[in-house]
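As provided, final03.csv (CSV, C-alpha atoms) reads as follows.
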chain,number,residue,atom,x,y,z
S,12,MET,CA,-9.5,32.0,23.9
S,13,THR,CA,-12.1,33.0,21.2
S,14,ALA,CA,-15.0,30.6,21.1
S,15,VAL,CA,-15.8,28.8,17.9
S,16,ARG,CA,-18.9,30.4,16.4
S,17,VAL,CA,-21.5,27.8,15.3
S,18,LEU,CA,-24.7,28.2,13.2
S,19,LEU,CA,-27.3,25.4,13.6
S,20,ALA,CA,-29.4,24.6,10.5
S,21,ASP,CA,-32.2,22.0,11.0
S,22,ASP,CA,-35.9,22.1,10.3
S,23,GLN,CA,-36.6,20.3,13.6
S,24,PRO,CA,-36.7,22.8,16.5
S,25,LEU,CA,-36.1,19.9,19.0
S,26,VAL,CA,-32.8,18.9,17.3
S,27,ARG,CA,-31.6,22.5,17.2
S,28,SER,CA,-32.6,23.0,20.9
S,29,GLY,CA,-30.7,19.9,22.0
S,30,LEU,CA,-27.6,20.9,20.1
S,31,ARG,CA,-27.7,24.5,21.2
S,32,VAL,CA,-27.8,23.5,24.9
S,33,LEU,CA,-24.9,21.0,24.4
S,34,ILE,CA,-22.8,23.5,22.5
S,35,ASN,CA,-23.5,26.5,24.8
S,36,GLU,CA,-22.5,24.5,27.8
S,37,THR,CA,-19.0,24.2,26.3
S,38,PRO,CA,-16.7,27.1,27.0
S,39,ASP,CA,-14.9,27.0,23.6
S,40,LEU,CA,-18.0,26.8,21.5
S,41,THR,CA,-21.0,29.1,21.1
S,42,VAL,CA,-24.2,29.1,18.9
S,43,VAL,CA,-24.6,32.4,17.1
S,44,ALA,CA,-27.7,31.7,15.1
S,45,GLU,CA,-30.2,29.0,14.2
S,46,ALA,CA,-31.9,28.3,10.8
S,47,GLY,CA,-34.9,26.2,10.0
S,48,THR,CA,-34.4,26.2,6.2
S,49,GLY,CA,-31.5,26.1,3.8
S,50,ALA,CA,-32.3,29.6,2.6
S,51,ASP,CA,-32.2,30.9,6.1
S,52,ALA,CA,-28.9,29.1,6.7
S,53,VAL,CA,-27.3,30.8,3.7
S,54,ARG,CA,-28.7,34.2,4.7
S,55,LEU,CA,-27.6,33.9,8.4
S,56,THR,CA,-24.2,32.6,7.4
S,57,ALA,CA,-23.6,35.7,5.4
S,58,GLN,CA,-24.9,37.9,8.2
S,59,GLU,CA,-23.3,36.2,11.2
S,60,ARG,CA,-20.1,34.8,9.6
S,61,PRO,CA,-19.9,31.6,11.8
S,62,ASP,CA,-16.8,29.4,11.8
S,63,VAL,CA,-18.9,26.2,11.4
S,64,VAL,CA,-22.4,25.5,10.1
S,65,VAL,CA,-24.0,22.3,11.4
S,66,MET,CA,-26.3,21.6,8.4
S,67,ASP,CA,-29.1,19.0,8.2
S,68,ILE,CA,-29.2,17.4,4.7
S,69,ARG,CA,-33.0,17.2,4.4
S,70,MET,CA,-34.9,20.5,4.8
S,71,PRO,CA,-37.9,22.0,3.1
S,72,GLY,CA,-37.4,24.3,0.1
S,73,MET,CA,-33.6,24.7,-0.3
S,74,ASP,CA,-32.1,21.5,1.1
S,75,GLY,CA,-28.8,21.3,2.9
S,76,ILE,CA,-26.8,20.3,-0.1
S,77,GLU,CA,-27.7,23.5,-2.1
S,78,ALA,CA,-27.3,25.6,1.0
S,79,THR,CA,-23.8,24.1,1.5
S,80,ARG,CA,-22.9,24.7,-2.1
S,81,GLN,CA,-23.8,28.4,-1.8
S,82,ILE,CA,-22.1,28.8,1.6
S,83,THR,CA,-18.8,27.2,0.5
S,84,ALA,CA,-18.8,29.2,-2.7
S,85,GLY,CA,-18.9,32.4,-0.8
S,86,SER,CA,-16.0,34.4,0.6
S,87,GLY,CA,-16.8,33.8,4.3
S,88,PRO,CA,-14.9,31.6,6.7
S,89,ALA,CA,-17.7,29.1,7.4
S,90,ARG,CA,-17.1,25.4,7.0
S,91,VAL,CA,-20.0,23.0,6.8
S,92,LEU,CA,-20.5,19.9,8.9
S,93,MET,CA,-23.4,17.9,7.6
S,94,LEU,CA,-26.0,16.3,10.0
S,95,THR,CA,-27.0,12.9,8.6
S,96,THR,CA,-28.7,9.7,9.6
S,97,PHE,CA,-25.9,7.7,7.8
S,98,ASP,CA,-27.7,4.6,6.6
S,99,GLU,CA,-30.7,6.5,5.2
S,100,ASP,CA,-29.3,9.5,3.4
S,101,GLU,CA,-28.5,8.9,-0.3
S,102,HIS,CA,-27.4,12.4,-0.7
S,103,VAL,CA,-24.1,12.3,1.2
S,104,TYR,CA,-21.9,12.2,-1.9
S,105,GLY,CA,-23.7,15.3,-3.2
S,106,ALA,CA,-23.0,17.0,0.1
S,107,LEU,CA,-19.3,16.3,-0.2
S,108,ARG,CA,-19.2,17.6,-3.7
S,109,ALA,CA,-20.9,20.7,-2.6
S,110,GLY,CA,-18.1,21.4,-0.2
S,111,ALA,CA,-19.0,19.8,3.1
S,112,SER,CA,-16.1,19.1,5.4
S,113,GLY,CA,-17.5,16.1,7.1
S,114,PHE,CA,-20.5,14.6,8.9
S,115,LEU,CA,-22.2,14.5,12.2
S,116,VAL,CA,-24.4,11.3,12.7
S,117,LYS,CA,-27.5,12.1,14.7
S,118,ASP,CA,-26.9,9.3,17.2
S,119,MET,CA,-23.3,10.2,17.9
S,120,ALA,CA,-22.0,10.5,21.4
S,121,LEU,CA,-22.2,14.1,22.7
S,122,ASP,CA,-18.4,14.4,23.1
S,123,ASP,CA,-17.9,13.2,19.5
S,124,ILE,CA,-20.3,15.9,18.2
S,125,LEU,CA,-18.3,18.6,20.0
S,126,ALA,CA,-15.0,17.1,18.8
S,127,ALA,CA,-16.2,17.0,15.2
S,128,ILE,CA,-17.1,20.7,15.4
S,129,ARG,CA,-13.6,21.5,16.7
S,130,VAL,CA,-11.9,19.5,14.0
S,131,VAL,CA,-13.7,21.2,11.2
S,132,ALA,CA,-13.3,24.7,12.8
S,133,ALA,CA,-9.5,24.0,12.9
S,134,GLY,CA,-9.5,23.6,9.2
S,135,ASP,CA,-9.3,19.9,8.9
S,136,ALA,CA,-11.9,17.5,7.6
S,137,LEU,CA,-13.7,14.8,9.5
S,138,ILE,CA,-12.5,11.7,7.7
S,139,ALA,CA,-10.6,9.8,10.3
S,140,PRO,CA,-13.5,7.8,11.9
S,141,SER,CA,-14.0,4.5,10.1
S,142,VAL,CA,-17.7,5.2,9.7
S,143,THR,CA,-17.0,8.4,7.7
S,144,ARG,CA,-14.4,6.7,5.6
S,145,ARG,CA,-16.8,3.9,4.8
S,146,LEU,CA,-19.6,6.5,4.1
S,147,ILE,CA,-17.4,8.3,1.6
S,148,ALA,CA,-16.3,5.1,0.0
S,149,ASP,CA,-19.9,3.8,-0.4
S,150,PHE,CA,-21.1,7.0,-2.1
S,151,ALA,CA,-18.0,7.5,-4.2
S,152,ALA,CA,-18.4,4.0,-5.6
S,153,GLY,CA,-22.2,4.0,-5.9
S,154,PRO,CA,-24.7,4.9,-8.5
S,155,THR,CA,-25.2,8.4,-7.0
S,156,ALA,CA,-21.6,9.2,-8.0
S,157,PRO,CA,-20.9,8.3,-11.6
S,158,ARG,CA,-17.2,8.6,-12.4
S,159,ALA,CA,-16.9,11.0,-15.2
S,160,ALA,CA,-13.6,10.9,-17.1
S,161,ARG,CA,-11.2,13.3,-15.4
S,162,PRO,CA,-8.3,14.9,-17.1
S,163,ASP,CA,-4.8,14.1,-15.9
S,164,PRO,CA,-4.5,16.1,-12.6
S,165,GLY,CA,-0.9,16.9,-13.3
S,166,ILE,CA,0.5,15.5,-10.1
S,167,THR,CA,3.8,13.8,-9.6
S,168,ASP,CA,4.2,10.1,-8.9
S,169,ARG,CA,5.0,10.8,-5.3
S,170,GLU,CA,1.9,13.0,-5.0
S,171,ARG,CA,-0.2,10.3,-6.5
S,172,GLU,CA,1.1,7.9,-3.8
S,173,VAL,CA,0.2,10.5,-1.2
S,174,LEU,CA,-3.2,11.0,-2.7
S,175,THR,CA,-3.9,7.3,-2.6
S,176,LEU,CA,-3.0,7.1,1.1
S,177,VAL,CA,-5.2,10.2,1.8
S,178,GLY,CA,-8.0,8.3,0.0
S,179,ARG,CA,-7.5,5.4,2.3
S,180,GLY,CA,-8.1,7.7,5.3
S,181,LEU,CA,-4.5,7.9,6.5
S,182,SER,CA,-3.3,10.9,8.6
S,183,ASN,CA,-0.1,12.8,7.7
S,184,GLY,CA,1.8,10.9,10.3
S,185,GLU,CA,0.6,7.6,8.9
S,186,ILE,CA,1.4,8.7,5.4
S,187,ALA,CA,4.9,9.6,6.6
S,188,GLN,CA,5.4,6.1,8.1
S,189,GLU,CA,4.1,4.4,5.0
S,190,LEU,CA,6.3,6.2,2.6
S,191,PHE,CA,9.4,6.6,4.9
S,192,ILE,CA,9.3,10.4,4.8
S,193,SER,CA,9.0,13.0,7.5
S,194,PRO,CA,5.6,14.2,8.8
S,195,ALA,CA,6.6,17.7,7.5
S,196,THR,CA,7.2,16.3,4.0
S,197,ALA,CA,3.9,14.4,4.1
S,198,LYS,CA,2.1,17.6,5.1
S,199,SER,CA,3.8,19.5,2.3
S,200,HIS,CA,2.7,16.9,-0.3
S,201,VAL,CA,-0.9,17.2,1.0
S,202,ALA,CA,-0.8,21.0,0.8
S,203,ARG,CA,0.4,20.8,-2.8
S,204,LEU,CA,-2.3,18.4,-3.7
S,205,LEU,CA,-4.9,20.7,-2.2
S,206,THR,CA,-3.6,23.5,-4.4
S,207,LYS,CA,-3.1,21.5,-7.6
S,208,LEU,CA,-6.5,19.8,-7.4
S,209,ALA,CA,-8.3,22.9,-6.1
S,210,ALA,CA,-9.6,20.9,-3.2
S,211,ARG,CA,-11.2,22.7,-0.2
S,212,ASP,CA,-9.9,20.1,2.3
S,213,ARG,CA,-9.0,16.4,2.8
S,214,VAL,CA,-12.5,15.2,2.2
S,215,GLN,CA,-12.4,16.5,-1.4
S,216,LEU,CA,-9.0,14.8,-1.8
S,217,VAL,CA,-10.6,11.5,-0.7
S,218,ILE,CA,-13.3,12.0,-3.4
S,219,THR,CA,-10.7,12.7,-6.0
S,220,ALA,CA,-8.7,9.6,-5.1
S,221,TYR,CA,-11.9,7.5,-5.7
S,222,GLU,CA,-12.7,9.3,-8.9
S,223,LEU,CA,-9.3,8.7,-10.3
S,224,GLY,CA,-9.5,5.0,-9.4
S,225,LEU,CA,-6.6,5.2,-6.9
S,226,VAL,CA,-8.6,3.7,-4.1
S,227,THR,CA,-10.8,0.6,-4.2
S,228,PRO,CA,-14.0,0.9,-2.2
S,229,PRO,CA,-14.2,-1.6,0.7
S,230,ASN,CA,-16.3,-4.7,0.3
Take the structure I supplied and represent it as C-alpha cells, if you would.
Amino acid sequence: MTAVRVLLADDQPLVRSGLRVLINETPDLTVVAEAGTGADAVRLTAQERPDVVVMDIRMPGMDGIEATRQITAGSGPARVLMLTTFDEDEHVYGALRAGASGFLVKDMALDDILAAIRVVAAGDALIAPSVTRRLIADFAAGPTAPRAARPDPGITDREREVLTLVGRGLSNGEIAQELFISPATAKSHVARLLTKLAARDRVQLVITAYELGLVTPPN
C-alpha cells in the first residue's frame, strides 16, 4: 500500500513537530516536507507533489489562504486541509473559496486528525462532522461572505434538490434515502453537480448551496 504523502505548513515548529511524529508513526501516512511560511508551502508542494497539505491559516508573509489558492490552482494532485482554531479564525470562508477541502481543528483528537487526512486524500471533503458543517454555515451566512448575485447555474430541479441536501451536510446514502433513489443515482447527481458548477469537491458544493439560498444557516 502506498502511503499518503503529507506536507505540513505551519509557522510554529512545535506544532509541525507534533504532527510529524503523529503522522510518521502511522503506516499509511508519511510526511514528505515541512514549511514555515505560505510561500514555502507553495514551493515545496510543486517540488514534492504531496497528496495532502495540512495548512495553517495564519502565517507570516503569504498566509495560508493565498497559499491554498495558488496550490489548488496548479496542476498537481495536492488537496489542502486547513489547520484552524475554529472559534477564532474569521478567514475560514476565504479558505473554502480558495479551494480548501476541509479543516483540522488544533485541539482535535489524534485519531480524528489522521482520519481527516485520509478522507481528503481519498478525494472527499471533510464536511460530515457537525462542527465543520456549522463552521461553513456560519461563514457562508456572515459578513465575511457577502452573497453576490449568481447567474442561474443551469441545473435541473432534481439536481437542485440534491444540492440542497449536500448543503445540509448529507452523505450520498442519506441523500438517496431522502429522495427515494439509489445511492448510485445520488452519486451520479453529485458528480454532475461538481462538473456543472465547476466545484472542486463537496465543500464547494456546500458553499454554492448557501450562496444560492438553498440552505438556511442554523440558528
Give me the residues near range 30-35 of chain S as a ChimeraX atom specification, where near means some atom within 9 Å (using all atoms listed in the file) and where sequence neighbours in that chain fewer than 4 positions away do not count. /S:17,19,25-26,39-42,45,121,125
Within 12 Å of Gly184 in chain S, counting only C-alpha atoms, which residues show up once you throw out same-chain ones fewer than 5 positions away? Write them as an MDAnalysis selection string, please. chainID S and resid 173 176:177 189:199 201
Which of these, S:Ala126, S:Val15, S:Leu174, S:Ala187, has the shortest distance to Leu205 in chain S once you count only C-alpha atoms?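 That would be S:Leu174, the residue with the smallest distance to Leu205 in chain S.
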In Å, rounded to a single decimal, give me how far CA of Gly29 in chain S is from CA of Asp51 in chain S.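 Between these atoms lies a distance of 19.4 Å.
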For Arg108 in chain S: contacts at 9 Å, all atoms listed in the file, fewer than 5 positions along chain excluded, given as a list of chain:residue names: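 With the cut-off at 9 Å, the set is S:Ile76, S:Arg80, S:Val103, S:Gln215, S:Ile218.
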Selection to disk with C-alpha atoms, as a PDB file, in the frame of the given file:
ATOM      1  CA  ILE S  76     -26.800  20.300  -0.100  1.00  0.00           C
ATOM      2  CA  ARG S  80     -22.900  24.700  -2.100  1.00  0.00           C
ATOM      3  CA  VAL S 103     -24.100  12.300   1.200  1.00  0.00           C
ATOM      4  CA  GLN S 215     -12.400  16.500  -1.400  1.00  0.00           C
ATOM      5  CA  ILE S 218     -13.300  12.000  -3.400  1.00  0.00           C
TER       6      ILE S 218
END
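Closest to Gly113 in chain S among S:Arg69, S:Glu59, S:Ala133, S:Leu92 is S:Leu92, based on only C-alpha atoms.
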So the first atom is CA of Leu107 in chain S and the second is CA of Val214 in chain S; what is the distance between them in Å, to one decimal place?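 Computing the Euclidean distance for CA of Leu107 in chain S and CA of Val214 in chain S yields 7.3 Å.
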Which neighbours of range 60-63 of chain S fall inside 7 Å, counting all atoms listed in the file, when residues of the same chain fewer than 2 positions from it are skipped, and could you give them as a PDB file with C-alpha atoms, in the coordinates of the input?
ATOM      1  CA  VAL S  15     -15.800  28.800  17.900  1.00  0.00           C
ATOM      2  CA  ARG S  16     -18.900  30.400  16.400  1.00  0.00           C
ATOM      3  CA  VAL S  17     -21.500  27.800  15.300  1.00  0.00           C
ATOM      4  CA  LEU S  18     -24.700  28.200  13.200  1.00  0.00           C
ATOM      5  CA  THR S  56     -24.200  32.600   7.400  1.00  0.00           C
ATOM      6  CA  ALA S  57     -23.600  35.700   5.400  1.00  0.00           C
ATOM      7  CA  GLN S  58     -24.900  37.900   8.200  1.00  0.00           C
ATOM      8  CA  VAL S  65     -24.000  22.300  11.400  1.00  0.00           C
ATOM      9  CA  GLY S  87     -16.800  33.800   4.300  1.00  0.00           C
ATOM     10  CA  PRO S  88     -14.900  31.600   6.700  1.00  0.00           C
ATOM     11  CA  ALA S  89     -17.700  29.100   7.400  1.00  0.00           C
ATOM     12  CA  ARG S  90     -17.100  25.400   7.000  1.00  0.00           C
ATOM     13  CA  VAL S  91     -20.000  23.000   6.800  1.00  0.00           C
ATOM     14  CA  LEU S  92     -20.500  19.900   8.900  1.00  0.00           C
ATOM     15  CA  ALA S 132     -13.300  24.700  12.800  1.00  0.00           C
TER      16      ALA S 132
END
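Straight-line separation from CA of Gln81 in chain S to CA of Ala109 in chain S: 8.3 Å.
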Considering all atoms listed in the file, state which residue in the set S:Ala120, S:Ala111, S:Met66, S:Val226 is at the smallest distance from Ala84 in chain S.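 Closest to Ala84 in chain S of all the choices is S:Ala111.
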S:Met70, S:Val116, S:Val64, S:Ala220 ranked by distance to Val131 in chain S, top pick (using only C-alpha atoms):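 Answer, going by the shortest atom-to-atom distance: S:Val64.
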Tell me which of S:Val53, S:Val43, S:Met73, S:Ala210 sits closest to Gly85 in chain S, counting only C-alpha atoms.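 Closest to Gly85 in chain S, using only C-alpha atoms: S:Val53.
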Nearest candidate to Asp67 in chain S (options S:Leu115, S:Ala44, S:Ile186, S:Ala202; using only C-alpha atoms):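 Smallest distance to Asp67 in chain S is found for S:Leu115.
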